[in-house]
$ cat input23.txt   # compact mmCIF, C-alpha atoms
# COMPACT_ATOMS: atom_id res chain seq x y z
CA MET A 1 99.31 103.08 77.97
CA ALA A 2 96.81 104.77 80.30
CA MET A 3 95.22 102.75 83.04
CA PRO A 4 91.49 102.22 82.43
CA ILE A 5 89.04 103.72 84.91
CA VAL A 6 85.77 101.94 85.61
CA PRO A 7 82.91 102.87 87.94
CA PHE A 8 82.46 100.69 91.01
CA SER A 9 79.00 99.63 89.84
CA ASP A 10 80.58 97.91 86.82
CA LEU A 11 82.12 95.29 89.14
CA SER A 12 78.68 93.78 89.70
CA LYS A 13 76.86 94.86 86.54
CA HIS A 14 79.62 94.05 84.03
CA SER A 15 82.09 91.90 85.97
CA LYS A 16 83.11 89.85 82.95
CA ARG A 17 83.94 92.98 80.96
CA VAL A 18 85.90 94.41 83.92
CA ALA A 19 87.83 91.12 84.26
CA GLU A 20 88.65 91.20 80.53
CA THR A 21 89.88 94.79 80.92
CA ILE A 22 92.09 93.73 83.83
CA ASP A 23 93.46 90.84 81.77
CA ARG A 24 94.25 93.21 78.90
CA PHE A 25 95.72 96.12 80.90
CA HIS A 26 96.86 94.20 84.03
CA ARG A 27 95.50 96.95 86.31
CA VAL A 28 92.26 98.92 86.56
CA HIS A 29 91.34 102.00 88.57
CA VAL A 30 87.88 101.55 90.14
CA LYS A 31 86.15 104.86 90.93
CA ARG A 32 83.90 104.91 93.97
CA ARG A 33 81.46 107.63 95.00
CA ASP A 34 81.09 106.58 98.62
CA GLY A 35 84.58 105.43 99.49
CA GLU A 36 88.23 105.40 98.58
CA ASP A 37 88.99 104.40 94.99
CA LEU A 38 90.32 100.90 94.36
CA PHE A 39 92.94 99.40 92.08
CA ILE A 40 92.50 95.86 90.85
CA SER A 41 95.39 94.10 89.22
CA THR A 42 96.36 90.65 88.07
CA ALA A 43 98.44 88.60 90.50
CA ARG A 44 101.30 88.50 88.00
CA HIS A 45 101.29 92.29 87.63
CA ASP A 46 101.34 92.72 91.42
CA ARG A 47 104.23 90.26 91.79
CA GLU A 48 106.15 92.10 89.04
CA ARG A 49 105.62 95.45 90.81
CA GLU A 50 106.94 93.92 94.04
CA GLU A 51 109.95 92.50 92.20
CA THR A 52 110.65 95.91 90.66
CA ALA A 53 110.68 97.55 94.09
CA ASP A 54 112.86 94.76 95.48
CA VAL A 55 115.39 95.06 92.66
CA ALA A 56 115.54 98.85 93.05
CA ALA A 57 116.06 98.57 96.81
CA ARG A 58 118.76 95.92 96.41
CA MET A 59 120.55 97.95 93.72
CA ILE A 60 120.61 101.05 95.92
CA THR A 61 121.77 98.98 98.87
CA ALA A 62 124.59 97.54 96.74
CA LEU A 63 125.56 101.01 95.54
CA LEU A 64 125.74 102.23 99.14
CA ALA A 65 128.32 99.53 99.91
CA SER A 66 131.07 101.52 98.17
CA ASP A 67 132.23 105.13 98.40
CA GLU A 68 131.75 105.55 94.64
CA GLY A 69 128.20 104.22 94.90
CA VAL A 70 127.38 106.51 97.82
CA HIS A 71 128.68 109.44 95.78
CA ALA A 72 126.57 108.39 92.77
CA VAL A 73 123.39 108.02 94.84
CA LEU A 74 123.90 111.33 96.64
CA HIS A 75 124.72 113.06 93.34
CA SER A 76 121.54 111.76 91.67
CA LEU A 77 119.22 112.37 94.63
CA PRO A 78 118.18 115.93 93.58
CA ALA A 79 116.92 114.60 90.25
CA VAL A 80 114.42 112.44 92.15
CA PHE A 81 113.78 114.70 95.14
CA PRO A 82 114.67 118.31 94.20
CA TRP A 83 114.06 119.52 97.75
CA VAL A 84 117.07 117.56 99.12
CA ARG A 85 119.29 120.49 98.16
CA HIS A 86 118.19 122.06 101.46
CA LEU A 87 119.55 119.11 103.46
CA SER A 88 123.14 118.77 104.62
CA VAL A 89 125.29 115.94 103.26
CA ASP A 90 124.81 114.00 106.51
CA GLU A 91 121.04 114.52 106.35
CA ARG A 92 121.02 113.31 102.75
CA ARG A 93 122.89 110.16 103.76
CA GLU A 94 120.42 109.55 106.59
CA PHE A 95 117.49 110.12 104.20
CA VAL A 96 118.89 107.61 101.69
CA GLN A 97 119.37 104.98 104.41
CA GLU A 98 115.84 105.48 105.72
CA LEU A 99 114.52 105.37 102.15
CA VAL A 100 116.27 102.06 101.47
CA ASP A 101 115.06 100.57 104.76
CA ALA A 102 111.48 101.68 104.11
CA THR A 103 111.60 100.29 100.57
CA ARG A 104 112.78 96.95 101.93
CA ASP A 105 109.88 97.00 104.42
CA ALA A 106 107.48 97.64 101.55
CA VAL A 107 108.83 94.62 99.68
CA GLU A 108 109.46 92.18 102.52
CA LEU A 109 106.63 93.11 104.91
CA ASP A 110 104.08 94.61 102.51
CA VAL A 111 104.13 97.78 104.62
CA HIS A 112 104.06 100.82 102.34
CA ALA A 113 103.09 103.56 104.80
CA THR A 114 106.65 103.72 106.16
CA LEU A 115 108.07 104.69 102.77
CA HIS A 116 105.47 107.42 102.39
CA ARG A 117 106.16 108.68 105.94
CA VAL A 118 109.93 108.84 105.35
CA ILE A 119 109.49 110.96 102.22
CA VAL A 120 106.88 113.25 103.83
CA GLU A 121 108.97 113.81 106.96
CA TRP A 122 112.20 114.55 105.09
CA ARG A 123 110.37 116.87 102.68
CA ALA A 124 108.94 118.72 105.71
CA THR A 125 112.45 119.01 107.16
CA ALA A 126 113.72 120.42 103.85
CA ARG A 127 110.81 122.89 103.76
CA ILE A 128 111.77 124.15 107.23
CA LEU A 129 115.46 124.41 106.30
CA ALA A 130 114.59 126.28 103.09
CA ASP A 131 113.00 129.10 105.13
CA PRO A 132 115.68 130.84 107.24
CA ALA A 133 113.11 132.57 109.48
CA LEU A 134 111.29 129.31 110.16
CA THR A 135 114.57 127.50 110.79
CA ALA A 136 115.63 130.19 113.28
CA GLU A 137 112.26 130.02 115.04
CA LEU A 138 112.26 126.23 115.32
CA THR A 139 115.91 125.87 116.35
CA ARG A 140 116.06 128.63 118.97
CA PRO A 141 116.67 127.50 122.54
CA LEU A 142 113.56 126.97 124.61
CA PRO A 143 113.14 129.36 127.54
CA ALA A 144 114.33 127.99 130.84
CA GLU A 145 111.30 127.31 132.95
CA ASP A 146 111.30 126.44 136.63
CA HIS A 147 108.57 123.96 137.40
CA GLY A 148 109.63 123.60 141.03
CA GLU A 149 110.63 120.37 142.63
CA VAL A 150 109.54 117.19 140.98
CA ALA A 151 108.32 114.62 143.46
CA ALA A 152 110.04 111.25 143.25
CA PRO A 153 107.71 108.36 142.44
$ encode --input "input23.txt" --output "structure tokens"
Amino acid sequence: MAMPIVPFSDLSKHSKRVAETIDRFHRVHVKRRDGEDLFISTARHDREREETADVAARMITALLASDEGVHAVLHSLPAVFPWVRHLSVDERREFVQELVDATRDAVELDVHATLHRVIVEWRATARILADPALTAELTRPLPAEDHGEVAAP
């Protein structure tokens, strides 16, 4: 079922109708012309979304407690993030741990930016590793530079 979209002006002009739409669909996308769009949801729907994220994070954490679970998570990772194929096995493990930690932060602290940052940064790393010329450029040794004596504080 598609999420309804309502114009921002409907919140004041037709608030009862918007509230009924939220009750029926549990979440509404509010389009704004002069600012970032909004999402309005019922409290129950928001709690259920948080519980979903919490369950997913706890399940992955439990899987990572055994060698078989680690293997299963690492094996399934490319289905969720196709770009991980450019990461080493150790990098994939580090990514999964950071992903789990960031998901827990989203659930326990209501901080979602960390999860987004983890995914963006690891995708950028994979993009660099996918391009051999870029990898060579970014991993070459820096030239030795003599800046003279550094005065002690």
$ residues_near_point --input "input23.txt" --point "(94.3, 96.2, 83.6)" --cutoff "10 Å" --atoms "all atoms listed in the file" --output "ChimeraX atom specification"
/A:2-5,18-29,39-42,45
$ residues_around --input "input23.txt" --residues "region 105-107 of chain A" --least-positions-apart "3" --cutoff "8 Å" --atoms "all atoms listed in the file" --output "PyMOL selection string"
chain A and resi 50-51+53-54+101-102+110-112+114-115
$ closest_residue --input "input23.txt" --among "A:Asp46, A:Asp10, A:Ala126, A:Ala72" --to "Glu91 (chain A)" --atoms "only C-alpha atoms"
A:Ala126
$ atom_distance --input "input23.txt" --atom1 "CA of His116 (chain A)" --atom2 "CA of Glu98 (chain A)"
11.1 Å
$ atom_distance --input "input23.txt" --atom1 "CA of Leu77 (chain A)" --atom2 "CA of Glu137 (chain A)"
27.9 Å
$ residues_around --input "input23.txt" --residues "Val30 (chain A)" --least-positions-apart "4" --cutoff "7 Å" --atoms "only C-alpha atoms" --output "number ranges by chain"
A: 5-8, 37-39
$ write_last_selection --input "input23.txt" --atoms "C-alpha atoms" --output "PDB file, in the frame of the given file"
ATOM      1  CA  ILE A   5      89.040 103.720  84.910  1.00  0.00           C
ATOM      2  CA  VAL A   6      85.770 101.940  85.610  1.00  0.00           C
ATOM      3  CA  PRO A   7      82.910 102.870  87.940  1.00  0.00           C
ATOM      4  CA  PHE A   8      82.460 100.690  91.010  1.00  0.00           C
ATOM      5  CA  ASP A  37      88.990 104.400  94.990  1.00  0.00           C
ATOM      6  CA  LEU A  38      90.320 100.900  94.360  1.00  0.00           C
ATOM      7  CA  PHE A  39      92.940  99.400  92.080  1.00  0.00           C
TER       8      PHE A  39
END
$ atom_distance --input "input23.txt" --atom1 "CA of Val84 (chain A)" --atom2 "CA of Gly69 (chain A)"
17.9 Å
$ residues_near_point --input "input23.txt" --point "(112.3, 117.8, 94.4)" --cutoff "12 Å" --atoms "only C-alpha atoms" --output "list in words"
Ser76, Leu77, Pro78, Ala79, Val80, Phe81, Pro82, Trp83, Val84, Arg85, His86, Leu87, Ile119, Val120, Trp122, Arg123, Ala124, Ala126 and Arg127 of chain A
$ decode --input "input23.txt" --residues "region 106-138 of chain A" --atoms "N, CA and C atoms" --output "PDB file, in the first residue's frame"
ATOM      1  N   ALA A 106      20.667   3.769  16.589  1.00  0.00           N
ATOM      2  CA  ALA A 106      19.408   4.281  16.044  1.00  0.00           C
ATOM      3  C   ALA A 106      18.239   3.878  16.935  1.00  0.00           C
ATOM      4  N   VAL A 107      18.272   2.651  17.427  1.00  0.00           N
ATOM      5  CA  VAL A 107      17.181   2.146  18.262  1.00  0.00           C
ATOM      6  C   VAL A 107      17.264   2.713  19.681  1.00  0.00           C
ATOM      7  N   GLU A 108      18.426   2.601  20.299  1.00  0.00           N
ATOM      8  CA  GLU A 108      18.553   2.951  21.710  1.00  0.00           C
ATOM      9  C   GLU A 108      18.692   4.450  21.964  1.00  0.00           C
ATOM     10  N   LEU A 109      19.318   5.175  21.035  1.00  0.00           N
ATOM     11  CA  LEU A 109      19.581   6.595  21.257  1.00  0.00           C
ATOM     12  C   LEU A 109      18.774   7.508  20.341  1.00  0.00           C
ATOM     13  N   ASP A 110      18.026   6.915  19.414  1.00  0.00           N
ATOM     14  CA  ASP A 110      17.274   7.676  18.417  1.00  0.00           C
ATOM     15  C   ASP A 110      18.204   8.561  17.584  1.00  0.00           C
ATOM     16  N   VAL A 111      19.391   8.015  17.282  1.00  0.00           N
ATOM     17  CA  VAL A 111      20.373   8.699  16.446  1.00  0.00           C
ATOM     18  C   VAL A 111      20.504   7.889  15.161  1.00  0.00           C
ATOM     19  N   HIS A 112      19.985   8.439  14.069  1.00  0.00           N
ATOM     20  CA  HIS A 112      19.954   7.704  12.809  1.00  0.00           C
ATOM     21  C   HIS A 112      21.060   8.122  11.846  1.00  0.00           C
ATOM     22  N   ALA A 113      21.646   9.286  12.062  1.00  0.00           N
ATOM     23  CA  ALA A 113      22.679   9.788  11.150  1.00  0.00           C
ATOM     24  C   ALA A 113      23.896   8.867  11.129  1.00  0.00           C
ATOM     25  N   THR A 114      24.196   8.219  12.239  1.00  0.00           N
ATOM     26  CA  THR A 114      25.366   7.342  12.303  1.00  0.00           C
ATOM     27  C   THR A 114      25.218   6.170  11.340  1.00  0.00           C
ATOM     28  N   LEU A 115      24.043   5.580  11.284  1.00  0.00           N
ATOM     29  CA  LEU A 115      23.807   4.457  10.369  1.00  0.00           C
ATOM     30  C   LEU A 115      23.995   4.910   8.927  1.00  0.00           C
ATOM     31  N   HIS A 116      23.446   6.049   8.593  1.00  0.00           N
ATOM     32  CA  HIS A 116      23.603   6.587   7.239  1.00  0.00           C
ATOM     33  C   HIS A 116      25.076   6.836   6.938  1.00  0.00           C
ATOM     34  N   ARG A 117      25.809   7.433   7.892  1.00  0.00           N
ATOM     35  CA  ARG A 117      27.229   7.730   7.695  1.00  0.00           C
ATOM     36  C   ARG A 117      28.043   6.457   7.466  1.00  0.00           C
ATOM     37  N   VAL A 118      27.771   5.421   8.248  1.00  0.00           N
ATOM     38  CA  VAL A 118      28.506   4.154   8.104  1.00  0.00           C
ATOM     39  C   VAL A 118      28.325   3.600   6.688  1.00  0.00           C
ATOM     40  N   ILE A 119      27.114   3.587   6.206  1.00  0.00           N
ATOM     41  CA  ILE A 119      26.849   3.050   4.864  1.00  0.00           C
ATOM     42  C   ILE A 119      27.515   3.915   3.803  1.00  0.00           C
ATOM     43  N   VAL A 120      27.385   5.223   3.909  1.00  0.00           N
ATOM     44  CA  VAL A 120      27.983   6.141   2.917  1.00  0.00           C
ATOM     45  C   VAL A 120      29.500   5.998   2.895  1.00  0.00           C
ATOM     46  N   GLU A 121      30.123   5.937   4.071  1.00  0.00           N
ATOM     47  CA  GLU A 121      31.584   5.852   4.120  1.00  0.00           C
ATOM     48  C   GLU A 121      32.096   4.528   3.564  1.00  0.00           C
ATOM     49  N   TRP A 122      31.442   3.418   3.907  1.00  0.00           N
ATOM     50  CA  TRP A 122      31.894   2.127   3.391  1.00  0.00           C
ATOM     51  C   TRP A 122      31.632   2.012   1.890  1.00  0.00           C
ATOM     52  N   ARG A 123      30.530   2.589   1.408  1.00  0.00           N
ATOM     53  CA  ARG A 123      30.268   2.585  -0.038  1.00  0.00           C
ATOM     54  C   ARG A 123      31.338   3.405  -0.762  1.00  0.00           C
ATOM     55  N   ALA A 124      31.761   4.531  -0.178  1.00  0.00           N
ATOM     56  CA  ALA A 124      32.829   5.342  -0.769  1.00  0.00           C
ATOM     57  C   ALA A 124      34.140   4.560  -0.796  1.00  0.00           C
ATOM     58  N   THR A 125      34.421   3.817   0.266  1.00  0.00           N
ATOM     59  CA  THR A 125      35.626   2.982   0.296  1.00  0.00           C
ATOM     60  C   THR A 125      35.569   1.937  -0.813  1.00  0.00           C
ATOM     61  N   ALA A 126      34.422   1.291  -0.973  1.00  0.00           N
ATOM     62  CA  ALA A 126      34.264   0.284  -2.028  1.00  0.00           C
ATOM     63  C   ALA A 126      34.429   0.913  -3.409  1.00  0.00           C
ATOM     64  N   ARG A 127      33.908   2.130  -3.576  1.00  0.00           N
ATOM     65  CA  ARG A 127      34.033   2.817  -4.868  1.00  0.00           C
ATOM     66  C   ARG A 127      35.513   3.064  -5.197  1.00  0.00           C
ATOM     67  N   ILE A 128      36.284   3.464  -4.199  1.00  0.00           N
ATOM     68  CA  ILE A 128      37.719   3.688  -4.401  1.00  0.00           C
ATOM     69  C   ILE A 128      38.406   2.371  -4.754  1.00  0.00           C
ATOM     70  N   LEU A 129      38.098   1.313  -3.992  1.00  0.00           N
ATOM     71  CA  LEU A 129      38.732   0.015  -4.229  1.00  0.00           C
ATOM     72  C   LEU A 129      38.323  -0.597  -5.563  1.00  0.00           C
ATOM     73  N   ALA A 130      37.173  -0.222  -6.084  1.00  0.00           N
ATOM     74  CA  ALA A 130      36.711  -0.758  -7.368  1.00  0.00           C
ATOM     75  C   ALA A 130      37.478  -0.161  -8.544  1.00  0.00           C
ATOM     76  N   ASP A 131      38.130   0.966  -8.340  1.00  0.00           N
ATOM     77  CA  ASP A 131      38.871   1.657  -9.401  1.00  0.00           C
ATOM     78  C   ASP A 131      40.365   1.517  -9.119  1.00  0.00           C
ATOM     79  N   PRO A 132      41.058   0.611  -9.831  1.00  0.00           N
ATOM     80  CA  PRO A 132      42.479   0.375  -9.540  1.00  0.00           C
ATOM     81  C   PRO A 132      43.340   1.641  -9.631  1.00  0.00           C
ATOM     82  N   ALA A 133      43.070   2.515 -10.584  1.00  0.00           N
ATOM     83  CA  ALA A 133      43.867   3.736 -10.716  1.00  0.00           C
ATOM     84  C   ALA A 133      43.652   4.652  -9.510  1.00  0.00           C
ATOM     85  N   LEU A 134      42.419   4.771  -9.076  1.00  0.00           N
ATOM     86  CA  LEU A 134      42.118   5.608  -7.918  1.00  0.00           C
ATOM     87  C   LEU A 134      42.714   5.004  -6.650  1.00  0.00           C
ATOM     88  N   THR A 135      42.627   3.695  -6.527  1.00  0.00           N
ATOM     89  CA  THR A 135      43.226   3.021  -5.370  1.00  0.00           C
ATOM     90  C   THR A 135      44.728   3.270  -5.327  1.00  0.00           C
ATOM     91  N   ALA A 136      45.391   3.124  -6.477  1.00  0.00           N
ATOM     92  CA  ALA A 136      46.839   3.352  -6.541  1.00  0.00           C
ATOM     93  C   ALA A 136      47.178   4.801  -6.169  1.00  0.00           C
ATOM     94  N   GLU A 137      46.396   5.735  -6.678  1.00  0.00           N
ATOM     95  CA  GLU A 137      46.642   7.148  -6.382  1.00  0.00           C
ATOM     96  C   GLU A 137      46.473   7.454  -4.897  1.00  0.00           C
ATOM     97  N   LEU A 138      45.432   6.914  -4.292  1.00  0.00           N
ATOM     98  CA  LEU A 138      45.143   7.234  -2.899  1.00  0.00           C
ATOM     99  C   LEU A 138      45.953   6.425  -1.887  1.00  0.00           C
TER     100      LEU A 138
END
